[in-house]
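A short worksheet on the structure shown next.
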Amino acid sequence: YYDKPYDEQGINRWLNWNMESYKKNGFGLWAIELKTTGKFIGDCGITYQNIDNEILPEVGYHLNKNYHRNGYAKEAGKAVLKWAFENTSFSKLYSYMTADNTPSYKTALSIGMKYLKEYDDDGVKHYVCMIEK
């Protein structure tokens, strides 16, 4: 659900942002790899995100669309929740997505999150899901 792939500058900005998250917070995004081949197919993890004007810990997942509908995002999301509740002080975790991003919404529900609310961000409707420890 990104508009387009990152160019080299965007990739470097994203890598620096993620490395800074690890330095500052001790967490960030992890690679999702196929167990059988080790092929990189996406990422999943925890980052702080501005969700309806609150900075909250968000479970995010990005998967190459060629690998959608195979349970990979669900498996990765569940692993992130388990890790976060065992290794951080978070009692709640969130996911948010544009309202038209049905796959992301369904993934959030499939890992045990519940719909919390919707909000508008510059004319774009977003859904927020949440899970408690």
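Identifiers for the structure tokens are assigned positionally: chains receive A, B, ... in sequence, residues are indexed from 1 per chain, and ligands are indexed from 1 in the order shown.
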Task: Non-local contacts of range 85-98 of chain A (8 Å; only C-alpha atoms; under 4 positions in same chain excluded) as a PyMOL selection string - done: chain A and resi 51+56-60+81+104-105+108+113+124-133
Task: Given only C-alpha atoms as the counted atoms, nearest of A:Lys114, A:Lys106, A:Lys82, A:Lys39 to Arg69 in chain A - done: A:Lys106
TODO: Run DSSP on the backbone and give me the residues of range 1-127 of chain A it puts in strand (DSSP E), as a PyMOL selection string.
DONE: chain A and resi 29-33+40-51+54-63+92-98+114-121+124-127
Task: Asn70 in chain A environment, 12 Å, only C-alpha atoms, sequence neighbours closer than 4 positions dropped, as a list in words - done: Leu34, Ile41, Leu63, Asn64, Lys65, Asn66, Lys74, Glu75, Ala76, Pro103 and Thr107 of chain A
TODO: Fewer than 6 positions away in the same chain doesn't count, so skip those; otherwise give me all residues within 10 Å of range 6-20 of chain A, counting only C-alpha atoms, as a list in words.
DONE: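 Contacts, with the query itself left out: Gly26, Phe27, Gly28, Leu29, Trp30 and Thr47 of chain A.
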Could you please take those selected residues and save C-alpha atoms as a tab-separated table (two decimals), in the first residue's frame?
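What follows is the written file again.tsv:
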```tsv
chain	number	residue	atom	x	y	z
A	26	GLY	CA	15.63	-1.42	21.09
A	27	PHE	CA	13.19	-2.52	18.39
A	28	GLY	CA	12.21	-1.87	14.80
A	29	LEU	CA	11.32	-3.89	11.73
A	30	TRP	CA	12.59	-7.42	11.04
A	47	THR	CA	7.80	1.09	15.47
```
Open item on the list: DSSP on the backbone: which residues in range 76-123 of chain A end up as helix (DSSP H, G or I)? Give the answer as number ranges by chain.
Closed with: A: 76-87, 102-110
